[in-house]
$ cat coords-v6.cif   # mmCIF, C-alpha atoms and all ligand atoms
data_coords
loop_
_atom_site.label_atom_id
_atom_site.label_comp_id
_atom_site.auth_asym_id
_atom_site.auth_seq_id
_atom_site.Cartn_x
_atom_site.Cartn_y
_atom_site.Cartn_z
CA MET A 174 87.98 91.62 86.87
CA VAL A 175 85.96 89.57 84.43
CA THR A 176 87.26 89.49 80.87
CA LYS A 177 84.53 90.50 78.47
CA TRP A 178 84.16 88.52 75.30
CA HIS A 179 83.89 90.45 72.06
CA TRP A 180 83.10 89.44 68.55
CA ASP A 181 81.05 90.88 65.71
CA GLN A 182 77.31 91.16 65.44
CA GLY A 183 74.68 91.28 62.76
CA ARG A 184 76.75 89.79 59.98
CA LEU A 185 76.38 86.13 60.82
CA ASN A 186 75.71 85.12 57.25
CA TYR A 187 79.16 86.35 56.24
CA PHE A 188 80.67 83.93 58.76
CA GLN A 189 79.19 80.90 57.02
CA PHE A 190 82.10 78.75 55.97
CA GLU A 191 81.12 78.74 52.31
CA ASN A 192 80.94 82.53 52.32
CA LEU A 193 84.25 82.84 54.15
CA LYS A 194 85.79 80.67 51.48
CA ALA A 195 84.54 82.92 48.71
CA ILE A 196 85.64 86.01 50.63
CA ALA A 197 89.10 84.50 51.20
CA HIS A 198 89.43 83.64 47.57
CA CYS A 199 88.70 87.22 46.62
CA LEU A 200 90.78 88.94 49.31
CA GLN A 201 93.77 86.87 48.32
CA LYS A 202 93.66 88.44 44.88
CA LEU A 203 93.46 91.91 46.36
CA GLU A 204 96.42 91.52 48.69
CA GLY A 205 98.35 94.74 49.21
CA VAL A 206 95.65 97.03 47.90
CA VAL A 207 95.36 100.43 49.62
CA ILE A 208 92.10 100.43 51.53
CA ASN A 209 91.48 104.15 51.96
CA GLN A 210 91.54 105.45 48.43
CA LYS A 211 89.82 108.67 47.63
CA ASP A 212 86.41 108.13 46.04
CA PHE A 213 87.06 104.47 45.35
CA ASP A 214 86.38 101.32 47.30
CA PRO A 215 88.88 98.72 46.08
CA LEU A 216 86.95 95.87 47.71
CA ARG A 217 83.30 96.35 46.89
CA ALA A 218 82.91 95.33 43.26
CA GLU A 219 85.28 92.37 43.58
CA LEU A 220 83.78 91.04 46.80
CA GLU A 221 80.23 91.42 45.60
CA SER A 222 80.89 89.55 42.41
CA TYR A 223 82.92 86.76 44.05
CA THR A 224 80.53 86.10 46.86
CA GLY A 225 77.13 87.26 45.64
CA LEU A 226 76.71 89.00 49.00
CA PRO A 227 75.58 92.63 49.22
CA PHE A 228 78.06 94.04 51.78
CA ALA A 229 75.40 96.60 52.66
CA PRO A 230 75.07 99.51 53.09
CA LYS A 231 76.52 100.67 49.81
CA SER A 232 77.18 104.14 51.15
CA TYR A 233 80.04 102.85 53.31
CA ARG A 234 83.36 101.32 52.46
CA VAL A 235 83.27 97.55 52.76
CA TRP A 236 86.30 97.59 55.02
CA ARG A 237 84.70 100.01 57.43
CA ASN A 238 81.66 97.80 58.03
CA TYR A 239 83.06 94.32 57.47
CA LYS A 240 86.51 94.68 58.98
CA ARG A 241 85.41 92.60 61.95
CA VAL A 242 84.19 89.78 59.77
CA PHE A 243 87.55 89.60 57.99
CA GLU A 244 89.58 90.02 61.14
CA CYS A 245 87.62 87.79 63.51
CA SER A 246 87.66 84.98 61.00
CA PHE A 247 91.46 85.37 60.67
CA LEU A 248 91.34 86.21 56.97
CA ALA A 249 92.85 89.65 56.71
CA THR A 250 93.80 92.87 58.42
CA THR A 251 95.30 96.17 57.37
CA ILE A 252 98.86 97.25 57.94
CA ASN A 253 99.58 100.89 57.12
CA SER A 254 96.25 101.02 55.37
CA GLN A 255 97.15 98.18 53.02
CA LEU A 256 95.25 94.92 52.90
CA TYR A 257 97.22 92.13 54.53
CA VAL A 258 96.08 88.60 53.80
CA THR A 259 96.89 85.88 56.37
CA ASP A 260 98.10 82.30 56.08
CA PHE A 261 94.58 81.33 57.13
CA CYS A 262 93.14 83.22 54.21
CA LYS A 263 95.40 81.40 51.76
CA LYS A 264 94.62 78.08 53.30
CA ILE A 265 90.87 78.52 53.27
CA ALA A 266 90.96 79.88 49.69
CA ALA A 267 92.87 76.85 48.41
CA SER A 268 91.19 74.47 46.02
CA GLY A 269 91.91 71.00 44.70
CA ALA A 270 94.05 68.70 46.82
CA LYS A 271 94.93 71.50 49.23
CA LYS A 272 91.34 72.39 49.90
CA ILE A 273 90.27 72.30 53.53
CA ASP A 274 86.85 71.71 54.97
CA VAL A 275 85.08 73.48 57.78
CA ASP A 276 86.33 71.07 60.45
CA GLU A 277 89.92 71.59 59.43
CA PHE A 278 89.46 75.33 59.35
CA LEU A 279 87.86 75.49 62.79
CA SER A 280 90.34 73.10 64.32
CA LEU A 281 93.09 75.48 63.31
CA PHE A 282 91.09 78.48 64.43
CA ILE A 283 89.67 77.43 67.80
CA PRO A 284 92.97 76.81 69.65
CA ARG A 285 94.38 80.12 68.37
CA PHE A 286 91.60 82.64 68.89
CA ARG A 287 92.08 84.48 72.14
CA PHE A 288 91.54 87.68 74.02
CA PRO A 289 93.08 90.20 74.06
CA PHE A 290 92.41 90.10 70.33
CA ALA A 291 94.63 92.21 68.13
CA ALA A 292 91.88 93.33 65.82
CA PHE A 293 89.97 95.15 68.52
CA THR A 294 90.90 98.72 69.26
CA ASP A 295 91.32 98.11 72.98
CA TYR A 296 94.13 95.60 72.40
CA LYS A 297 96.54 95.55 75.35
CA LYS A 298 99.26 92.93 75.52
CA SER A 299 99.05 92.71 79.30
CA ASP A 300 95.35 91.78 79.50
CA ASN A 301 94.39 88.31 80.72
CA LEU A 302 94.70 85.60 78.11
CA VAL A 303 91.38 83.90 77.42
CA TYR A 304 90.77 81.24 74.77
CA PRO A 305 86.98 81.45 74.72
CA PHE A 306 86.25 78.62 72.32
CA CYS A 307 88.59 76.22 74.10
CA ALA A 308 86.87 77.08 77.39
CA VAL A 309 83.40 76.34 76.03
CA LEU A 310 84.56 73.10 74.45
CA LYS A 311 86.31 72.01 77.63
CA TYR A 312 83.09 72.60 79.52
CA LEU A 313 81.09 70.52 77.04
CA ILE A 314 83.64 67.75 76.83
CA SER A 315 84.08 67.49 80.60
CA ASN A 316 80.32 67.07 80.93
CA PHE A 317 80.28 64.52 78.15
CA GLN A 318 82.93 62.50 79.98
CA LEU A 319 80.79 62.54 83.11
CA GLY A 320 77.77 61.45 81.13
CA LYS A 321 76.00 64.72 81.91
CA GLN A 322 74.07 66.99 79.59
CA THR A 323 76.26 68.10 76.74
CA ASN A 324 74.87 71.47 75.89
CA ILE A 325 75.44 74.94 77.16
CA SER A 326 72.91 77.74 76.98
CA LEU A 327 73.93 81.27 76.20
CA GLU A 328 73.01 82.25 79.78
CA ASP A 329 75.39 79.61 81.10
CA VAL A 330 78.22 80.81 78.91
CA PHE A 331 77.91 84.09 80.82
CA SER A 332 77.12 82.79 84.25
CA VAL A 333 79.39 79.74 84.30
CA ILE A 334 82.24 80.33 81.83
CA ILE A 335 82.69 84.09 81.67
CA GLY A 336 81.53 84.76 85.23
CA ASN A 337 84.16 82.37 86.59
CA ASN A 338 86.78 83.97 84.39
CA CYS A 339 87.64 80.70 82.65
CA THR A 340 90.59 81.06 80.33
CA GLY A 341 90.52 77.81 78.39
CA LEU A 342 93.97 77.08 79.82
CA GLU A 343 92.74 75.21 82.90
CA PRO A 344 92.82 71.41 83.01
CA ILE A 345 89.59 69.85 81.85
CA GLU A 346 88.66 68.72 85.41
CA HIS A 347 88.37 72.36 86.39
CA TYR A 348 85.28 72.61 84.24
CA THR A 349 83.37 69.93 86.11
CA LYS A 350 83.45 71.96 89.30
CA LEU A 351 82.21 75.29 88.02
CA LYS A 352 79.29 76.90 89.78
CA ALA A 353 76.91 79.47 88.35
CA THR A 354 77.80 83.08 89.15
CA LYS A 355 75.70 86.21 89.12
CA TYR A 356 77.47 87.57 86.08
CA LYS A 357 75.04 89.08 83.61
CA PRO A 358 75.96 90.41 80.20
CA ASP A 359 75.28 94.00 79.39
CA GLY A 360 74.66 95.88 76.17
CA ASP A 361 75.48 94.01 73.00
CA GLU A 362 77.56 91.37 74.78
CA THR A 363 74.68 88.92 74.48
CA ARG A 364 74.47 89.23 70.74
CA GLN A 365 78.20 89.08 70.25
CA VAL A 366 78.71 85.96 72.34
CA ARG A 367 75.67 84.36 70.76
CA GLU A 368 77.20 84.85 67.33
CA MET A 369 80.51 83.42 68.53
CA MET A 370 78.66 80.26 69.55
CA ILE A 371 76.80 80.06 66.26
CA PHE A 372 80.06 80.58 64.39
CA ILE A 373 81.72 77.56 66.00
CA SER A 374 78.55 75.51 65.71
CA GLN A 375 79.67 74.98 62.12
CA LEU A 376 82.05 72.35 63.47
CA SER A 377 80.44 69.06 62.56
CA ILE A 378 80.39 67.87 66.17
CA LEU A 379 78.50 70.95 67.39
CA LYS A 380 74.98 72.19 66.76
CA TRP A 381 73.20 75.38 67.71
CA TYR A 382 69.65 74.67 68.72
CA LYS A 383 67.12 76.76 70.65
CA GLY A 384 69.65 79.10 72.19
CA ALA A 385 72.15 76.47 73.24
CA LEU A 386 75.31 74.92 71.87
CA TYR A 387 75.22 71.13 71.78
CA LEU A 388 78.14 68.78 71.64
CA ASP A 389 76.86 66.07 69.35
CA ILE A 390 79.27 63.16 69.34
CA SER A 391 79.22 59.45 69.81
CA ALA A 392 81.43 57.72 72.33
CA LYS A 393 83.28 56.19 69.42
CA ASP A 394 84.05 59.53 67.78
CA PHE A 395 85.22 60.76 71.13
CA GLU A 396 87.66 57.90 71.37
CA ASP A 397 88.71 58.02 67.74
CA TYR A 398 89.59 61.67 68.02
CA ASN A 399 91.38 61.28 71.29
CA GLY A 400 88.93 63.37 73.24
CA PHE A 401 89.16 66.17 70.65
CA GLN A 402 92.25 67.43 72.43
CA HIS A 403 93.36 69.29 69.36
CA LEU A 404 90.35 71.54 69.85
CA THR A 405 90.75 72.16 73.53
CA ASN A 406 94.48 72.77 73.87
CA PRO A 407 95.17 76.47 73.44
CA MET A 408 98.11 77.27 71.24
CA TYR A 409 100.13 79.54 73.41
CA LYS A 410 102.41 82.19 71.95
CA GLU A 411 103.83 85.12 73.83
CA PRO A 412 101.57 88.13 73.10
CA LYS A 413 103.24 90.84 71.04
CA GLN A 414 103.31 94.48 72.01
CA ILE A 415 102.26 95.84 68.67
CA ARG A 416 98.78 95.12 67.43
CA GLU A 417 99.79 94.28 63.86
CA GLU A 418 102.55 91.94 64.97
CA GLU A 419 100.22 90.13 67.32
CA TYR A 420 97.66 89.67 64.56
CA LEU A 421 100.24 88.20 62.20
CA SER A 422 101.63 85.92 64.85
CA MET A 423 98.19 84.66 65.79
CA THR A 424 97.14 83.91 62.24
CA SER A 425 100.41 82.42 61.07
CA LEU A 426 100.35 78.73 60.22
CA THR A 427 103.97 78.26 59.28
CA GLY A 428 106.47 76.80 61.67
CA GLN A 429 103.65 75.58 63.83
CA ILE A 430 102.38 72.23 64.77
CA VAL A 431 99.06 71.97 63.04
CA TYR A 432 96.42 69.55 64.13
CA PRO A 433 94.16 68.96 61.22
CA PHE A 434 90.96 67.47 62.43
CA LYS A 435 91.10 64.59 60.03
CA LEU A 436 94.53 63.26 60.78
CA GLN A 437 94.33 63.37 64.52
CA SER A 438 94.32 59.76 65.42
CA ARG A 439 93.35 56.98 63.15
CA GLU A 440 92.67 56.29 59.53
CA ILE A 441 89.61 57.35 57.64
CA PRO A 442 86.55 55.64 59.06
CA THR A 443 85.57 52.98 56.62
CA ASP A 444 82.10 53.08 55.36
CA ASP A 445 81.11 51.63 52.07
CA ILE A 446 79.16 54.74 51.21
CA PHE A 447 82.23 56.85 51.52
CA ILE A 448 85.27 54.83 50.63
CA GLU A 449 85.29 56.27 47.14
CA GLY A 450 86.86 59.59 48.04
CA LYS A 451 90.52 60.32 47.66
CA ARG A 452 90.12 62.52 50.66
CA THR A 453 88.16 61.72 53.74
CA ARG A 454 84.58 62.80 54.08
CA VAL A 455 84.73 62.97 57.80
CA THR A 456 82.71 66.14 58.14
CA HIS A 457 80.01 64.71 55.97
CA ILE A 458 79.92 61.42 57.86
CA LYS A 459 79.73 63.17 61.20
CA ILE A 460 76.89 65.33 59.98
CA GLU A 461 74.88 62.48 58.49
CA ARG A 462 75.36 60.28 61.54
CA SER A 463 74.66 62.98 64.03
CA PRO A 464 72.00 61.77 66.48
CA LEU A 465 70.87 65.30 67.26
CA LEU A 466 70.47 66.27 63.62
CA ARG A 467 68.42 63.15 63.08
CA ARG A 468 66.19 64.05 65.98
CA LEU A 469 65.74 67.65 64.86
CA PHE A 470 65.03 66.60 61.31
CA PHE A 471 62.39 64.00 62.14
CA ASP A 472 60.77 66.22 64.75
CA LYS A 473 60.20 68.73 62.00
CA TYR A 474 59.45 66.27 59.17
CA PRO A 475 57.90 63.20 60.80
CA ASP A 476 57.00 61.57 57.46
CA THR A 477 58.87 58.40 56.73
CA VAL A 478 58.74 58.87 52.96
CA CYS A 479 62.04 58.63 51.10
CA ASP A 480 62.80 61.84 49.19
CA MET A 481 64.10 59.87 46.20
CA CYS A 482 61.95 56.79 45.68
CA VAL A 483 58.94 58.13 47.61
CA CYS A 484 58.57 54.81 49.38
CA ASP A 485 56.86 55.20 52.73
CA THR A 486 59.12 52.94 54.72
CA THR A 487 56.80 52.40 57.68
CA GLN A 488 54.03 51.36 55.31
CA ARG A 489 56.18 48.97 53.39
CA TYR A 490 57.87 47.57 56.48
CA PRO A 491 55.13 47.95 59.09
CA TRP A 492 57.23 46.41 61.84
CA THR A 493 59.82 49.21 61.58
CA ASP A 494 59.74 52.59 63.18
CA ASN A 495 61.77 54.85 60.93
CA LEU A 496 64.38 53.51 58.56
CA LEU A 497 65.16 56.80 56.87
CA GLU A 498 68.64 58.24 57.05
CA VAL A 499 69.51 61.91 56.85
CA HIS A 500 71.34 63.00 53.74
CA HIS A 501 73.12 66.32 53.51
CA ILE A 502 72.88 67.67 49.98
CA LEU A 503 75.62 70.31 50.03
CA PRO A 504 79.23 69.69 48.94
CA LEU A 505 80.76 66.81 50.83
CA SER A 506 83.22 69.05 52.61
CA SER A 507 80.77 71.72 53.71
CA SER A 508 79.12 72.39 57.03
CA LEU A 509 75.44 72.56 57.86
CA SER A 510 74.07 76.04 57.31
CA ILE A 511 73.57 78.20 60.33
CA THR A 512 70.95 80.85 60.84
CA GLY A 513 70.02 83.06 63.74
CA GLU A 514 67.51 80.40 64.77
CA GLY A 515 69.96 77.56 64.76
CA THR A 516 71.09 74.69 62.63
CA SER A 517 69.28 74.89 59.30
CA LEU A 518 67.53 71.79 58.00
CA ASN A 519 67.02 73.23 54.52
CA ASP A 520 69.64 71.16 52.78
CA VAL A 521 68.89 67.92 54.55
CA VAL A 522 66.58 65.23 53.18
CA GLY A 523 65.42 61.85 54.48
CA LEU A 524 66.38 58.87 52.33
CA CYS A 525 65.77 55.17 52.64
CA PRO A 526 69.01 53.21 53.10
CA ASN A 527 69.00 51.95 49.49
CA CYS A 528 68.56 55.36 47.97
CA HIS A 529 71.10 56.83 50.33
CA LYS A 530 73.70 54.33 49.33
CA SER A 531 72.84 54.72 45.67
CA VAL A 532 73.03 58.51 45.68
CA HIS A 533 76.54 58.37 47.09
CA THR A 534 77.46 55.92 44.34
CA TYR A 535 76.02 58.39 41.84
CA TYR A 536 78.21 61.10 43.36
CA LYS A 537 81.26 58.90 43.21
CA ASN A 538 80.74 58.18 39.52
CA TRP A 539 80.14 61.81 38.77
CA LEU A 540 83.19 63.02 40.72
CA ASN A 541 85.37 60.43 39.03
CA LYS A 542 84.10 61.36 35.63
CA TYR A 543 84.97 65.02 36.12
CA LYS A 544 88.12 64.21 38.08
CA VAL A 545 87.24 66.42 41.01
CA ASP A 546 87.16 65.46 44.66
CA ASP A 547 84.11 67.43 45.67
CA PHE A 548 81.28 69.50 44.29
CA ARG A 549 82.42 73.00 43.52
CA SER A 550 79.33 74.82 44.70
CA ARG A 551 76.06 74.39 46.49
CA ASN A 552 74.21 74.62 43.22
CA GLU A 553 76.30 71.94 41.62
CA ALA A 554 75.69 69.65 44.58
CA LYS A 555 71.97 70.27 44.40
CA GLU A 556 71.94 69.74 40.66
CA ILE A 557 73.70 66.38 40.92
CA TYR A 558 71.38 65.28 43.69
CA TYR A 559 68.44 66.21 41.49
CA GLN A 560 69.96 64.32 38.56
CA ALA A 561 70.31 61.20 40.69
CA LYS A 562 66.79 61.60 41.99
CA THR A 563 65.28 61.91 38.52
CA SER A 564 67.34 59.05 37.11
CA ILE A 565 65.67 56.44 39.31
CA VAL A 566 63.62 53.90 37.45
CA LEU A 567 60.48 53.41 39.49
ZN ZN B 601 64.42 55.51 48.69
ZN ZN B 602 74.30 61.14 52.23
#

$ encode --input "coords-v6.cif" --output "structure tokens"
Amino acid sequence: MVTKWHWDQGRLNYFQFENLKAIAHCLQKLEGVVINQKDFDPLRAELESYTGLPFAPKSYRVWRNYKRVFECSFLATTINSQLYVTDFCKKIAASGAKKIDVDEFLSLFIPRFRFPFAAFTDYKKSDNLVYPFCAVLKYLISNFQLGKQTNISLEDVFSVIIGNNCTGLEPIEHYTKLKATKYKPDGDETRQVREMMIFISQLSILKWYKGALYLDISAKDFEDYNGFQHLTNPMYKEPKQIREEEYLSMTSLTGQIVYPFKLQSREIPTDDIFIEGKRTRVTHIKIERSPLLRRLFFDKYPDTVCDMCVCDTTQRYPWTDNLLEVHHILPLSSSLSITGEGTSLNDVVGLCPNCHKSVHTYYKNWLNKYKVDDFRSRNEAKEIYYQAKTSIVL
């Protein structure tokens, strides 16, 4: 019997890391509230104002329609009709020195998420254990090690991973021998699994592009992060009989070995653009150095004009091909945006190496001045980028 993979569908935007953070921040304040109150939705007004998201349709309780978003992302569940907020929720809502970025969040999430999943109504303790995200990552990493193509299409997730009943618990070598099966998804399985893949594509080493999930790493990153083992080793805990107990156990961070992405193996990569930060900017570095992102960006915007100083680098240096670097405008700790189409290039610009270095210096000065370690919102990040851009003396 093949284990079917379930998720949510149609609310992808709510799974964006920045939105999850705002949701977590809000839910934390509402902890313990009774969800099913007569004629009153205790979540709607608060969530709408914290996140700026509509939580449509208005005629339904937020919990009724968005329960899966909260539960699948490990933020909250209900126990006896009261809102229960998880360790994950508190961690993702944290600010200041305790703040985590998308890589840290997903590296705690990926090894824990498994089927049977306690938030789904068909939860049965005795069902086969499957760690879907670990399985997909093992497949990608095993191919990377063999020097093969490092992407997996949605069709292959079904035919190769689900069809072979992969659990994510097998040794990585297992994944090099998998053959395609005849397994075909039915009903809304396709959409659900697609959204699972897009959700994890927020990890800085993954990208979603044209219906496939790409592992986008350099050999050096692979070595530095010890083969990303912290992402592929399922965190096993005995499943609990009772749904609520299982959910709490799965989303608990205390008394566990945690493997934050950043601290896995070695020190912060040194890079003169980034050494300013008190905290690492690993996510940001991985995004800006991503070979795939670079390719996607310049395929779409082939101009070699710097967004800041408007120098056309191939005109000025006719013997060069393309000197521009990709710069990600959003807060240093945030992921690339995801859309149904794939990795969004909206908040990425091409900068010449001088401008790129100088804009990060501008950031550093600004962050120091306001004694913060990152921009507090997308708008703030955009505003500071714009300030730097308009402060150039041409
Ligand atoms: Zn420039
Ligand atoms: Zn940059």

$ closest_atom_pairs --input "coords-v6.cif" --of "chain A" --to "ligand ZN 601 (chain B)" --cutoff "12 Å" --atoms "all atoms listed in the file" --output "JSON lines"
{"residue": "A:Thr477", "atom": "CA", "partner": "B:ZN601", "partner_atom": "ZN", "distance": 10.2}
{"residue": "A:Val478", "atom": "CA", "partner": "B:ZN601", "partner_atom": "ZN", "distance": 7.9}
{"residue": "A:Cys479", "atom": "CA", "partner": "B:ZN601", "partner_atom": "ZN", "distance": 4.6}
{"residue": "A:Asp480", "atom": "CA", "partner": "B:ZN601", "partner_atom": "ZN", "distance": 6.6}
{"residue": "A:Met481", "atom": "CA", "partner": "B:ZN601", "partner_atom": "ZN", "distance": 5.0}
{"residue": "A:Cys482", "atom": "CA", "partner": "B:ZN601", "partner_atom": "ZN", "distance": 4.1}
{"residue": "A:Val483", "atom": "CA", "partner": "B:ZN601", "partner_atom": "ZN", "distance": 6.2}
{"residue": "A:Cys484", "atom": "CA", "partner": "B:ZN601", "partner_atom": "ZN", "distance": 5.9}
{"residue": "A:Asp485", "atom": "CA", "partner": "B:ZN601", "partner_atom": "ZN", "distance": 8.6}
{"residue": "A:Thr486", "atom": "CA", "partner": "B:ZN601", "partner_atom": "ZN", "distance": 8.4}
{"residue": "A:Arg489", "atom": "CA", "partner": "B:ZN601", "partner_atom": "ZN", "distance": 11.5}
{"residue": "A:Leu496", "atom": "CA", "partner": "B:ZN601", "partner_atom": "ZN", "distance": 10.1}
{"residue": "A:Leu497", "atom": "CA", "partner": "B:ZN601", "partner_atom": "ZN", "distance": 8.3}
{"residue": "A:Glu498", "atom": "CA", "partner": "B:ZN601", "partner_atom": "ZN", "distance": 9.8}
{"residue": "A:Val499", "atom": "CA", "partner": "B:ZN601", "partner_atom": "ZN", "distance": 11.6}
{"residue": "A:His500", "atom": "CA", "partner": "B:ZN601", "partner_atom": "ZN", "distance": 11.4}
{"residue": "A:Val522", "atom": "CA", "partner": "B:ZN601", "partner_atom": "ZN", "distance": 10.9}
{"residue": "A:Gly523", "atom": "CA", "partner": "B:ZN601", "partner_atom": "ZN", "distance": 8.6}
{"residue": "A:Leu524", "atom": "CA", "partner": "B:ZN601", "partner_atom": "ZN", "distance": 5.3}
{"residue": "A:Cys525", "atom": "CA", "partner": "B:ZN601", "partner_atom": "ZN", "distance": 4.2}
{"residue": "A:Pro526", "atom": "CA", "partner": "B:ZN601", "partner_atom": "ZN", "distance": 6.8}
{"residue": "A:Asn527", "atom": "CA", "partner": "B:ZN601", "partner_atom": "ZN", "distance": 5.9}
{"residue": "A:Cys528", "atom": "CA", "partner": "B:ZN601", "partner_atom": "ZN", "distance": 4.2}
{"residue": "A:His529", "atom": "CA", "partner": "B:ZN601", "partner_atom": "ZN", "distance": 7.0}
{"residue": "A:Lys530", "atom": "CA", "partner": "B:ZN601", "partner_atom": "ZN", "distance": 9.4}
{"residue": "A:Ser531", "atom": "CA", "partner": "B:ZN601", "partner_atom": "ZN", "distance": 9.0}
{"residue": "A:Val532", "atom": "CA", "partner": "B:ZN601", "partner_atom": "ZN", "distance": 9.6}
{"residue": "A:Ala561", "atom": "CA", "partner": "B:ZN601", "partner_atom": "ZN", "distance": 11.4}
{"residue": "A:Lys562", "atom": "CA", "partner": "B:ZN601", "partner_atom": "ZN", "distance": 9.4}
{"residue": "A:Ile565", "atom": "CA", "partner": "B:ZN601", "partner_atom": "ZN", "distance": 9.5}
{"residue": "A:Val566", "atom": "CA", "partner": "B:ZN601", "partner_atom": "ZN", "distance": 11.4}
{"residue": "A:Leu567", "atom": "CA", "partner": "B:ZN601", "partner_atom": "ZN", "distance": 10.2}

$ residues_around --input "coords-v6.cif" --residues "Leu220 (chain A)" --least-positions-apart "4" --cutoff "12 Å" --atoms "all atoms listed in the file" --output "list in words"
Tyr187, Asn192, Leu193, Lys194, Ala195, Ile196, Ala197, His198, Cys199, Leu200, Gln201, Lys202, Leu203, Asp214, Pro215, Leu216, Thr224, Gly225, Leu226, Pro227, Phe228, Ala229, Arg234, Val235, Trp236, Tyr239 and Phe243 of chain A

$ residues_near_point --input "coords-v6.cif" --point "(85.6, 67.9, 45.5)" --cutoff "9 Å" --atoms "only C-alpha atoms" --output "list in words"
Ser268, Gly269, Ala270, Lys272, Gly450, Arg452, Pro504, Leu505, Ser506, Leu540, Lys544, Val545, Asp546, Asp547, Phe548 and Arg549 of chain A

$ closest_residue --input "coords-v6.cif" --among "A:Glu461, A:Glu556, A:Asp260, A:Asp329" --to "ligand ZN 602 (chain B)" --atoms "only C-alpha atoms and all ligand atoms"
A:Glu461

$ closest_residue --input "coords-v6.cif" --among "A:Val455, A:Ile511, A:Leu386, A:Ala218" --to "ligand ZN 602 (chain B)" --atoms "only C-alpha atoms and all ligand atoms"
A:Val455

$ residues_around --input "coords-v6.cif" --residues "Thr349 (chain A)" --least-positions-apart "5" --cutoff "8 Å" --atoms "all atoms listed in the file" --output "list in words"
Tyr312, Ser315 and Asn316 of chain A

$ closest_residue --input "coords-v6.cif" --among "A:His457, A:Asp397, A:Phe470, A:Tyr559" --to "ligand ZN 602 (chain B)" --atoms "all atoms listed in the file"
A:His457
